file data.txt (compact mmCIF, C-alpha atoms)
# COMPACT_ATOMS: atom_id res chain seq x y z
CA MET A 1 -35.92 85.52 30.37
CA ASP A 2 -36.22 84.37 33.96
CA GLU A 3 -38.61 81.46 34.30
CA ARG A 4 -38.69 81.84 38.06
CA GLU A 5 -40.94 84.86 37.80
CA ILE A 6 -43.63 83.25 35.68
CA SER A 7 -46.92 83.02 37.55
CA GLN A 8 -48.65 79.74 38.32
CA ALA A 9 -51.64 81.05 36.35
CA VAL A 10 -49.53 81.13 33.18
CA ILE A 11 -48.05 77.71 33.97
CA GLY A 12 -51.55 76.37 34.52
CA ARG A 13 -52.46 77.38 30.96
CA LEU A 14 -49.42 75.78 29.26
CA PRO A 15 -50.78 72.19 29.26
CA ARG A 16 -53.88 73.38 27.42
CA TYR A 17 -51.76 75.09 24.74
CA PHE A 18 -49.74 71.91 24.53
CA ARG A 19 -52.88 69.83 24.04
CA TYR A 20 -54.28 72.06 21.26
CA LEU A 21 -50.92 72.27 19.49
CA GLY A 22 -50.56 68.48 19.61
CA GLU A 23 -53.93 68.14 17.90
CA LEU A 24 -53.03 70.71 15.25
CA LYS A 25 -49.73 68.94 14.64
CA ASP A 26 -51.53 65.58 14.28
CA GLU A 27 -53.89 67.19 11.78
CA GLY A 28 -50.90 68.32 9.74
CA VAL A 29 -51.29 72.06 10.42
CA GLU A 30 -47.89 73.73 10.00
CA ARG A 31 -48.46 77.33 11.00
CA ILE A 32 -51.06 79.11 13.10
CA SER A 33 -51.59 82.75 14.00
CA SER A 34 -52.45 83.89 17.50
CA GLN A 35 -55.85 84.96 16.07
CA GLU A 36 -56.60 81.46 14.79
CA LEU A 37 -55.41 79.86 18.02
CA SER A 38 -57.55 82.36 19.91
CA GLY A 39 -60.65 81.28 17.96
CA LEU A 40 -59.97 77.61 18.64
CA MET A 41 -59.17 77.92 22.32
CA LYS A 42 -61.62 80.70 23.17
CA VAL A 43 -59.05 82.91 24.85
CA THR A 44 -58.07 86.31 23.48
CA ALA A 45 -55.15 86.61 21.06
CA SER A 46 -53.59 89.17 23.36
CA GLN A 47 -53.70 86.68 26.26
CA ILE A 48 -51.91 84.13 24.06
CA ARG A 49 -49.22 86.61 23.04
CA GLN A 50 -48.75 87.74 26.64
CA ASP A 51 -48.46 84.14 27.86
CA PHE A 52 -45.94 83.27 25.13
CA ASN A 53 -43.92 86.42 25.77
CA ASN A 54 -43.03 84.96 29.17
CA PHE A 55 -40.91 82.47 27.23
CA GLY A 56 -39.46 84.81 24.65
CA GLY A 57 -42.48 84.84 22.32
CA PHE A 58 -41.64 81.70 20.25
CA GLY A 59 -40.87 83.72 17.13
CA GLN A 60 -44.34 84.74 16.00
CA GLN A 61 -43.90 86.20 12.50
CA GLY A 62 -46.42 87.92 10.25
CA TYR A 63 -47.57 84.48 9.14
CA GLY A 64 -47.94 82.97 12.61
CA TYR A 65 -46.26 80.39 14.79
CA ASN A 66 -44.61 77.19 13.58
CA VAL A 67 -46.92 74.57 15.16
CA GLU A 68 -44.35 71.79 15.52
CA TYR A 69 -41.70 74.09 16.98
CA LEU A 70 -44.19 75.60 19.42
CA TYR A 71 -45.45 72.16 20.46
CA TYR A 72 -41.95 70.90 21.22
CA GLU A 73 -40.88 74.10 22.95
CA ILE A 74 -43.89 74.10 25.27
CA GLY A 75 -43.33 70.39 25.93
CA ARG A 76 -39.72 71.14 26.84
CA ILE A 77 -40.76 73.99 29.14
CA LEU A 78 -43.22 71.60 30.81
CA GLY A 79 -40.33 69.20 31.40
CA LEU A 80 -41.83 66.53 29.13
CA ASP A 81 -38.46 65.94 27.48
CA ARG A 82 -37.31 64.24 30.68
CA GLN A 83 -38.59 60.97 32.06
CA HIS A 84 -40.37 61.18 35.41
CA ASN A 85 -40.75 58.00 37.42
CA PHE A 86 -43.70 57.84 39.77
CA ILE A 87 -45.12 55.63 42.48
CA ILE A 88 -48.68 55.48 43.75
CA VAL A 89 -49.29 55.36 47.49
CA GLY A 90 -52.72 53.88 48.15
CA ALA A 91 -53.87 50.95 46.00
CA GLY A 92 -57.60 51.54 46.41
CA ASN A 93 -59.90 52.13 43.45
CA LEU A 94 -58.54 55.53 42.52
CA GLY A 95 -54.88 54.50 42.95
CA ARG A 96 -55.39 51.45 40.76
CA ALA A 97 -57.30 53.48 38.16
CA LEU A 98 -54.41 55.95 37.91
CA GLY A 99 -51.93 53.08 37.67
CA ASN A 100 -53.90 51.64 34.78
CA TYR A 101 -54.07 54.92 32.92
CA MET A 102 -51.75 54.58 29.94
CA ASN A 103 -51.75 58.17 28.71
CA PHE A 104 -49.32 59.37 31.36
CA GLU A 105 -46.63 57.13 29.86
CA ARG A 106 -46.89 58.86 26.48
CA ARG A 107 -45.83 62.07 28.24
CA GLY A 108 -42.84 60.50 29.95
CA PHE A 109 -44.47 59.72 33.31
CA ILE A 110 -43.52 56.12 34.08
CA PHE A 111 -45.46 54.05 36.61
CA LYS A 112 -42.85 52.18 38.70
CA GLY A 113 -44.43 51.05 41.93
CA ILE A 114 -47.59 50.99 44.04
CA PHE A 115 -47.90 50.62 47.80
CA ASP A 116 -50.61 49.91 50.32
CA GLN A 117 -50.83 49.08 54.00
CA ASP A 118 -53.66 46.61 53.45
CA PRO A 119 -52.16 43.09 53.36
CA ASP A 120 -55.09 41.95 51.20
CA LEU A 121 -53.98 44.31 48.44
CA VAL A 122 -50.26 43.55 48.65
CA GLY A 123 -49.27 41.13 45.90
CA ARG A 124 -52.06 42.13 43.50
CA GLN A 125 -51.04 43.33 40.07
CA VAL A 126 -51.80 46.76 38.60
CA ARG A 127 -50.78 46.85 34.94
CA GLY A 128 -47.99 44.38 35.60
CA VAL A 129 -46.76 46.16 38.73
CA ARG A 130 -47.06 44.31 42.03
CA VAL A 131 -48.63 46.11 44.99
CA MET A 132 -45.95 46.35 47.70
CA ALA A 133 -46.13 46.82 51.45
CA MET A 134 -45.60 50.28 52.95
CA GLU A 135 -42.40 49.08 54.69
CA ASP A 136 -40.77 48.67 51.29
CA MET A 137 -41.53 52.18 50.08
CA ASP A 138 -38.56 54.19 51.34
CA ARG A 139 -35.93 51.84 49.96
CA PHE A 140 -37.83 51.54 46.66
CA ILE A 141 -37.86 55.31 46.19
CA ARG A 142 -34.13 55.60 46.77
CA GLU A 143 -33.24 52.68 44.50
CA ASN A 144 -35.52 53.48 41.58
CA ASP A 145 -34.98 57.20 40.97
CA ILE A 146 -38.58 58.06 41.81
CA ASP A 147 -39.41 61.74 41.65
CA ILE A 148 -43.21 61.84 41.86
CA ALA A 149 -45.50 60.20 44.42
CA VAL A 150 -49.21 60.05 43.73
CA LEU A 151 -51.13 60.14 47.02
CA THR A 152 -54.41 58.27 46.82
CA LEU A 153 -54.89 57.65 50.51
CA PRO A 154 -57.62 58.51 52.96
CA LYS A 155 -57.15 61.89 54.59
CA ALA A 156 -56.16 60.39 57.95
CA GLY A 157 -52.90 58.81 56.84
CA ALA A 158 -51.96 61.26 54.12
CA GLU A 159 -49.99 63.85 56.09
CA ALA A 160 -47.69 61.35 57.81
CA VAL A 161 -47.00 59.58 54.51
CA ALA A 162 -46.28 62.88 52.78
CA GLU A 163 -43.69 63.76 55.44
CA ARG A 164 -42.09 60.36 55.01
CA LEU A 165 -41.97 60.83 51.23
CA ALA A 166 -40.31 64.21 51.78
CA GLU A 167 -37.62 62.52 53.90
CA ASP A 168 -37.15 59.90 51.19
CA GLY A 169 -36.19 62.66 48.80
CA ILE A 170 -39.26 62.71 46.58
CA ARG A 171 -39.43 65.85 44.40
CA ALA A 172 -43.18 66.17 43.98
CA ILE A 173 -46.50 64.97 45.32
CA TRP A 174 -49.62 64.69 43.22
CA ASN A 175 -52.14 64.83 46.02
CA PHE A 176 -55.60 63.28 45.72
CA ALA A 177 -56.06 63.03 49.50
CA HIS A 178 -58.66 65.42 50.80
CA VAL A 179 -56.23 67.44 52.89
CA ASP A 180 -53.78 70.32 52.33
CA LEU A 181 -50.18 69.22 52.80
CA ASN A 182 -47.55 71.35 54.50
CA LEU A 183 -44.18 70.28 53.16
CA PRO A 184 -40.67 71.70 52.91
CA GLU A 185 -40.19 74.32 50.21
CA GLY A 186 -38.42 72.21 47.61
CA ILE A 187 -41.26 69.71 47.30
CA GLN A 188 -43.80 70.51 44.62
CA VAL A 189 -47.42 69.76 45.41
CA GLU A 190 -50.31 69.68 43.00
CA ASN A 191 -53.71 69.03 44.56
CA VAL A 192 -56.62 67.31 42.88
CA HIS A 193 -59.44 67.70 45.38
CA LEU A 194 -62.23 65.86 43.60
CA SER A 195 -64.93 66.69 46.14
CA ASP A 196 -64.10 70.39 45.89
CA SER A 197 -64.58 70.25 42.15
CA LEU A 198 -67.92 68.47 42.53
CA MET A 199 -69.11 71.06 45.06
CA LYS A 200 -68.26 73.87 42.66
CA LEU A 201 -70.41 72.11 40.07
CA SER A 202 -73.24 71.81 42.56
CA TYR A 203 -72.99 75.55 43.34
CA ASN A 204 -73.24 76.41 39.65
CA ILE A 205 -76.24 74.11 39.11
CA ASN A 206 -78.13 75.73 41.95
CA ARG A 207 -77.22 79.27 41.00
CA TYR A 208 -78.48 78.65 37.47
CA MET A 209 -81.72 77.12 38.78
CA LYS A 210 -82.34 80.15 41.01
CA GLU A 211 -81.76 82.51 38.10
CA GLN A 212 -84.24 80.56 35.98
CA GLU A 213 -86.84 80.75 38.74
CA LYS A 214 -86.57 84.53 38.74
CA HIS A 215 -87.39 84.82 35.02
CA MET B 1 -76.75 90.47 47.68
CA ASP B 2 -76.76 89.14 44.14
CA GLU B 3 -75.10 85.75 43.89
CA ARG B 4 -74.91 85.99 40.12
CA GLU B 5 -72.04 88.43 40.30
CA ILE B 6 -69.80 86.31 42.48
CA SER B 7 -66.67 85.29 40.63
CA GLN B 8 -65.72 81.68 39.95
CA ALA B 9 -62.50 82.34 41.89
CA VAL B 10 -64.53 82.98 45.06
CA ILE B 11 -66.75 79.96 44.35
CA GLY B 12 -63.65 77.84 43.85
CA ARG B 13 -62.51 78.73 47.38
CA LEU B 14 -65.82 77.88 49.09
CA PRO B 15 -65.31 74.08 49.20
CA ARG B 16 -62.02 74.60 51.01
CA TYR B 17 -63.70 76.80 53.65
CA PHE B 18 -66.38 74.16 53.93
CA ARG B 19 -63.78 71.44 54.47
CA TYR B 20 -61.91 73.36 57.21
CA LEU B 21 -65.12 74.37 58.96
CA GLY B 22 -66.33 70.76 58.91
CA GLU B 23 -63.12 69.70 60.64
CA LEU B 24 -63.41 72.47 63.24
CA LYS B 25 -67.03 71.50 63.87
CA ASP B 26 -66.03 67.84 64.32
CA GLU B 27 -63.36 68.93 66.79
CA GLY B 28 -66.02 70.76 68.80
CA VAL B 29 -64.79 74.30 68.04
CA GLU B 30 -67.72 76.70 68.43
CA ARG B 31 -66.36 80.04 67.32
CA ILE B 32 -63.43 81.15 65.19
CA SER B 33 -62.10 84.55 64.20
CA SER B 34 -61.00 85.38 60.66
CA GLN B 35 -57.45 85.69 62.08
CA GLU B 36 -57.51 82.14 63.46
CA LEU B 37 -59.04 80.76 60.25
CA SER B 38 -56.40 82.68 58.32
CA GLY B 39 -53.62 80.98 60.30
CA LEU B 40 -55.12 77.54 59.72
CA MET B 41 -55.82 77.93 56.02
CA LYS B 42 -52.81 80.07 55.11
CA VAL B 43 -54.84 82.76 53.38
CA THR B 44 -55.03 86.35 54.65
CA ALA B 45 -57.78 87.33 57.06
CA SER B 46 -58.73 90.13 54.69
CA GLN B 47 -59.21 87.61 51.86
CA ILE B 48 -61.51 85.59 54.11
CA ARG B 49 -63.56 88.64 55.06
CA GLN B 50 -63.77 89.74 51.41
CA ASP B 51 -64.88 86.27 50.31
CA PHE B 52 -67.51 86.06 53.03
CA ASN B 53 -68.78 89.58 52.31
CA ASN B 54 -69.98 88.27 48.95
CA PHE B 55 -72.59 86.37 50.94
CA GLY B 56 -73.46 89.04 53.45
CA GLY B 57 -70.52 88.43 55.80
CA PHE B 58 -72.04 85.63 57.93
CA GLY B 59 -72.32 87.84 60.99
CA GLN B 60 -68.70 88.07 62.11
CA GLN B 61 -68.78 89.66 65.57
CA GLY B 62 -65.96 90.82 67.79
CA TYR B 63 -65.60 87.25 69.00
CA GLY B 64 -65.59 85.62 65.55
CA TYR B 65 -67.82 83.41 63.44
CA ASN B 66 -70.14 80.71 64.73
CA VAL B 67 -68.50 77.60 63.23
CA GLU B 68 -71.61 75.46 62.92
CA TYR B 69 -73.68 78.27 61.41
CA LEU B 70 -70.94 79.12 58.93
CA TYR B 71 -70.49 75.46 57.99
CA TYR B 72 -74.18 75.00 57.25
CA GLU B 73 -74.53 78.32 55.43
CA ILE B 74 -71.60 77.59 53.12
CA GLY B 75 -72.97 74.09 52.55
CA ARG B 76 -76.33 75.60 51.62
CA ILE B 77 -74.68 78.10 49.24
CA LEU B 78 -72.83 75.18 47.63
CA GLY B 79 -76.17 73.45 47.09
CA LEU B 80 -75.32 70.59 49.43
CA ASP B 81 -78.73 70.82 51.09
CA ARG B 82 -80.23 69.32 47.93
CA GLN B 83 -79.72 65.81 46.63
CA HIS B 84 -77.95 65.54 43.28
CA ASN B 85 -78.30 62.30 41.35
CA PHE B 86 -75.46 61.43 39.02
CA ILE B 87 -74.58 58.90 36.37
CA ILE B 88 -71.16 57.91 35.11
CA VAL B 89 -70.59 57.57 31.38
CA GLY B 90 -67.59 55.34 30.76
CA ALA B 91 -67.11 52.28 32.99
CA GLY B 92 -63.33 52.01 32.58
CA ASN B 93 -60.95 52.15 35.53
CA LEU B 94 -61.54 55.79 36.37
CA GLY B 95 -65.31 55.58 35.95
CA ARG B 96 -65.51 52.55 38.23
CA ALA B 97 -63.18 54.19 40.77
CA LEU B 98 -65.45 57.24 40.95
CA GLY B 99 -68.51 55.00 41.26
CA ASN B 100 -66.89 53.23 44.18
CA TYR B 101 -65.98 56.45 45.96
CA MET B 102 -68.30 56.70 48.96
CA ASN B 103 -67.50 60.22 50.08
CA PHE B 104 -69.61 61.89 47.40
CA GLU B 105 -72.71 60.33 48.94
CA ARG B 106 -72.07 62.04 52.28
CA ARG B 107 -72.40 65.37 50.45
CA GLY B 108 -75.67 64.46 48.76
CA PHE B 109 -74.27 63.26 45.43
CA ILE B 110 -75.99 59.94 44.74
CA PHE B 111 -74.59 57.41 42.27
CA LYS B 112 -77.55 56.14 40.24
CA GLY B 113 -76.27 54.60 37.02
CA ILE B 114 -73.22 53.78 34.94
CA PHE B 115 -73.01 53.26 31.19
CA ASP B 116 -70.53 51.90 28.69
CA GLN B 117 -70.52 50.94 25.02
CA ASP B 118 -68.31 47.92 25.66
CA PRO B 119 -70.56 44.81 25.82
CA ASP B 120 -67.94 43.11 28.03
CA LEU B 121 -68.48 45.73 30.72
CA VAL B 122 -72.28 45.81 30.52
CA GLY B 123 -73.76 43.74 33.32
CA ARG B 124 -70.83 44.16 35.70
CA GLN B 125 -71.53 45.64 39.11
CA VAL B 126 -70.04 48.86 40.49
CA ARG B 127 -71.00 49.25 44.14
CA GLY B 128 -74.29 47.47 43.55
CA VAL B 129 -75.10 49.39 40.36
CA ARG B 130 -75.23 47.42 37.12
CA VAL B 131 -73.30 48.77 34.10
CA MET B 132 -75.86 49.53 31.39
CA ALA B 133 -75.58 49.86 27.62
CA MET B 134 -75.35 53.32 26.04
CA GLU B 135 -78.73 52.81 24.31
CA ASP B 136 -80.41 52.87 27.71
CA MET B 137 -78.87 56.14 28.84
CA ASP B 138 -81.32 58.73 27.54
CA ARG B 139 -84.40 57.05 28.96
CA PHE B 140 -82.61 56.43 32.28
CA ILE B 141 -81.72 60.10 32.66
CA ARG B 142 -85.31 61.20 32.05
CA GLU B 143 -86.83 58.63 34.38
CA ASN B 144 -84.41 58.96 37.29
CA ASP B 145 -84.11 62.70 37.82
CA ILE B 146 -80.40 62.74 36.96
CA ASP B 147 -78.78 66.14 37.04
CA ILE B 148 -75.05 65.40 36.83
CA ALA B 149 -73.20 63.21 34.32
CA VAL B 150 -69.61 62.25 35.02
CA LEU B 151 -67.74 61.83 31.74
CA THR B 152 -64.95 59.27 31.99
CA LEU B 153 -64.63 58.47 28.31
CA PRO B 154 -61.77 58.65 25.84
CA LYS B 155 -61.49 62.03 24.15
CA ALA B 156 -62.79 60.70 20.80
CA GLY B 157 -66.33 59.91 21.96
CA ALA B 158 -66.69 62.58 24.61
CA GLU B 159 -68.04 65.48 22.57
CA ALA B 160 -70.84 63.52 20.90
CA VAL B 161 -71.90 62.02 24.24
CA ALA B 162 -71.85 65.45 25.89
CA GLU B 163 -74.19 66.81 23.21
CA ARG B 164 -76.50 63.86 23.71
CA LEU B 165 -76.50 64.45 27.48
CA ALA B 166 -77.38 68.09 26.85
CA GLU B 167 -80.39 67.01 24.76
CA ASP B 168 -81.42 64.62 27.52
CA GLY B 169 -81.73 67.59 29.85
CA ILE B 170 -78.72 67.00 32.09
CA ARG B 171 -77.84 70.06 34.18
CA ALA B 172 -74.13 69.56 34.59
CA ILE B 173 -71.16 67.61 33.29
CA TRP B 174 -68.17 66.70 35.42
CA ASN B 175 -65.70 66.20 32.61
CA PHE B 176 -62.68 63.92 32.97
CA ALA B 177 -62.29 63.48 29.21
CA HIS B 178 -59.22 65.21 27.85
CA VAL B 179 -61.14 67.66 25.70
CA ASP B 180 -62.88 71.01 26.18
CA LEU B 181 -66.64 70.75 25.74
CA ASN B 182 -68.73 73.38 23.97
CA LEU B 183 -72.23 73.11 25.33
CA PRO B 184 -75.36 75.29 25.54
CA GLU B 185 -75.21 78.02 28.17
CA GLY B 186 -77.40 76.43 30.82
CA ILE B 187 -75.21 73.36 31.19
CA GLN B 188 -72.53 73.64 33.86
CA VAL B 189 -69.19 72.07 33.09
CA GLU B 190 -66.37 71.40 35.52
CA ASN B 191 -63.21 69.99 33.98
CA VAL B 192 -60.76 67.68 35.72
CA HIS B 193 -57.94 67.38 33.22
CA LEU B 194 -55.62 65.00 35.05
CA SER B 195 -52.80 65.15 32.50
CA ASP B 196 -52.79 68.94 32.65
CA SER B 197 -52.35 68.79 36.39
CA LEU B 198 -49.49 66.30 36.06
CA MET B 199 -47.74 68.50 33.47
CA LYS B 200 -47.95 71.48 35.80
CA LEU B 201 -46.24 69.35 38.44
CA SER B 202 -43.55 68.37 35.97
CA TYR B 203 -42.95 72.04 35.11
CA ASN B 204 -42.51 72.91 38.76
CA ILE B 205 -40.09 70.01 39.38
CA ASN B 206 -37.89 71.10 36.50
CA ARG B 207 -37.98 74.78 37.37
CA TYR B 208 -36.89 73.97 40.90
CA MET B 209 -34.07 71.71 39.65
CA LYS B 210 -32.80 74.46 37.35
CA GLU B 211 -32.81 76.96 40.19
CA GLN B 212 -30.84 74.56 42.37
CA GLU B 213 -28.27 74.07 39.61
CA LYS B 214 -27.67 77.82 39.54
CA HIS B 215 -26.76 78.01 43.24
call {"tool": "encode", "arguments": {"input": "data.txt", "output": "structure tokens"}}
result
Amino acid sequence: MDEREISQAVIGRLPRYFRYLGELKDEGVERISSQELSGLMKVTASQIRQDFNNFGGFGQQGYGYNVEYLYYEIGRILGLDRQHNFIIVGAGNLGRALGNYMNFERRGFIFKGIFDQDPDLVGRQVRGVRVMAMEDMDRFIRENDIDIAVLTLPKAGAEAVAERLAEDGIRAIWNFAHVDLNLPEGIQVENVHLSDSLMKLSYNINRYMKEQEKH
Amino acid sequence: MDEREISQAVIGRLPRYFRYLGELKDEGVERISSQELSGLMKVTASQIRQDFNNFGGFGQQGYGYNVEYLYYEIGRILGLDRQHNFIIVGAGNLGRALGNYMNFERRGFIFKGIFDQDPDLVGRQVRGVRVMAMEDMDRFIRENDIDIAVLTLPKAGAEAVAERLAEDGIRAIWNFAHVDLNLPEGIQVENVHLSDSLMKLSYNINRYMKEQEKH
């Protein structure tokens, strides 16, 4: 098994498996077949088996998968058995909302610091964490074992900050800025382009309306 | 040309074309070849031509595409020539952050109302819009030509609210709740599962670290 060759499409589906298995576990379900999981998740059983085969198959027997084992194994593959410390760069509405979001902590993502260039925001508290000035960011990253930076900045400043974060040794950027980042190979980037997602919704609304007009 | 057959993968790439073309337009660029656009966007020129051929090709000539024409055509295809009124259901941190986000308005997405079941939140202002009680939602949707509902609720309440929104005649749900919604066919759903995105990032950090350890 060589995890390096697993496609990002498969990886993108793992969190959803993890979510469904967590719910099954909480409901006390002990075993589940790929057919049952397929019915729940509305993907084919063969897709599920193919996805799981990338990781050795997780020991599906005639009577199905062990839910708890599968949940913990997928969590481990997702790296949720390690703690990840993160900072937020940009203490505007979205940055503060993400700082206040408690669910990340349950998965081992720990909110350590938040930074902004606006002196009016510096000193405010976000869930007990004080907003710091941008000058303090580089030292803070090095001293606090930060591996993820959440970028909630306007597009204009985002690229320069991302390069600075790369120099500070950050491992990953969760990018909410409306720009594509070009960073050195070892830095993982995951984009959440909210406007793009809203435009896709708008496309689908209008396509559906046009179809209805035809009938 | 039959837009119904265009895959969601192609649709998902349109907002990114739109974003790059908007920047080129703002920089005063009048024409661009698929090769130049390919270099900028880091996708192959043949991918760009294939994507655009779904919409008739946009009249690429020897000397490239007309940037302004292409920008407006893609905007029109995305439905950005129409106004879309939206409400936000759930006035917690994320809901308020999205209400405060001005950029959606520039694209024709107009923030009309925000609702919460928490009496402590009702009456507060989010960018000049008063938080209303959940009892007022159904009437508000019918009277204010609302077509998009943004769901920023905890998982537990999300499904029941989504069904209610469907009955109220909403056209689309932009779903930030950590649950998959099962709704009637005509209702468009676009999911933004933030935790899923963060887990994918965590996977990629750990995979990279393991690779480094091997060398």
call {"tool": "interface_residues", "arguments": {"input": "data.txt", "of": "chain B", "to": "chain A", "cutoff": "7 Å", "atoms": "all atoms listed in the file", "output": "list of chain:residue names"}}
result
B:Ile11, B:Gly12, B:Pro15, B:Arg16, B:Ile77, B:Leu78, B:Gly79, B:Asn93, B:Leu94, B:Ala97, B:Phe104, B:Arg171, B:Ala172, B:Gln188, B:Glu190, B:Ser195, B:Asp196, B:Ser197, B:Met199, B:Lys200, B:Leu201, B:Ser202, B:Tyr203, B:Asn204, B:Ile205, B:Asn206
call {"tool": "residues_around", "arguments": {"input": "data.txt", "residues": "Phe111 (chain B)", "least_positions_apart": "2", "cutoff": "8 Å", "atoms": "all atoms listed in the file", "output": "CSV table (one decimal) with C-alpha atoms, in the coordinates of the input"}}
result
chain,number,residue,atom,x,y,z
B,85,ASN,CA,-78.3,62.3,41.4
B,86,PHE,CA,-75.5,61.4,39.0
B,87,ILE,CA,-74.6,58.9,36.4
B,88,ILE,CA,-71.2,57.9,35.1
B,99,GLY,CA,-68.5,55.0,41.3
B,105,GLU,CA,-72.7,60.3,48.9
B,109,PHE,CA,-74.3,63.3,45.4
B,113,GLY,CA,-76.3,54.6,37.0
call {"tool": "atom_distance", "arguments": {"input": "data.txt", "atom1": "CA of Ile141 (chain B)", "atom2": "CA of Leu153 (chain B)"}}
result
17.7 Å
call {"tool": "closest_residue", "arguments": {"input": "data.txt", "among": "B:Asn144, B:Ser33, B:Gln117, B:Ser46", "to": "Gly59 (chain B)", "atoms": "all atoms listed in the file"}}
result
B:Ser33
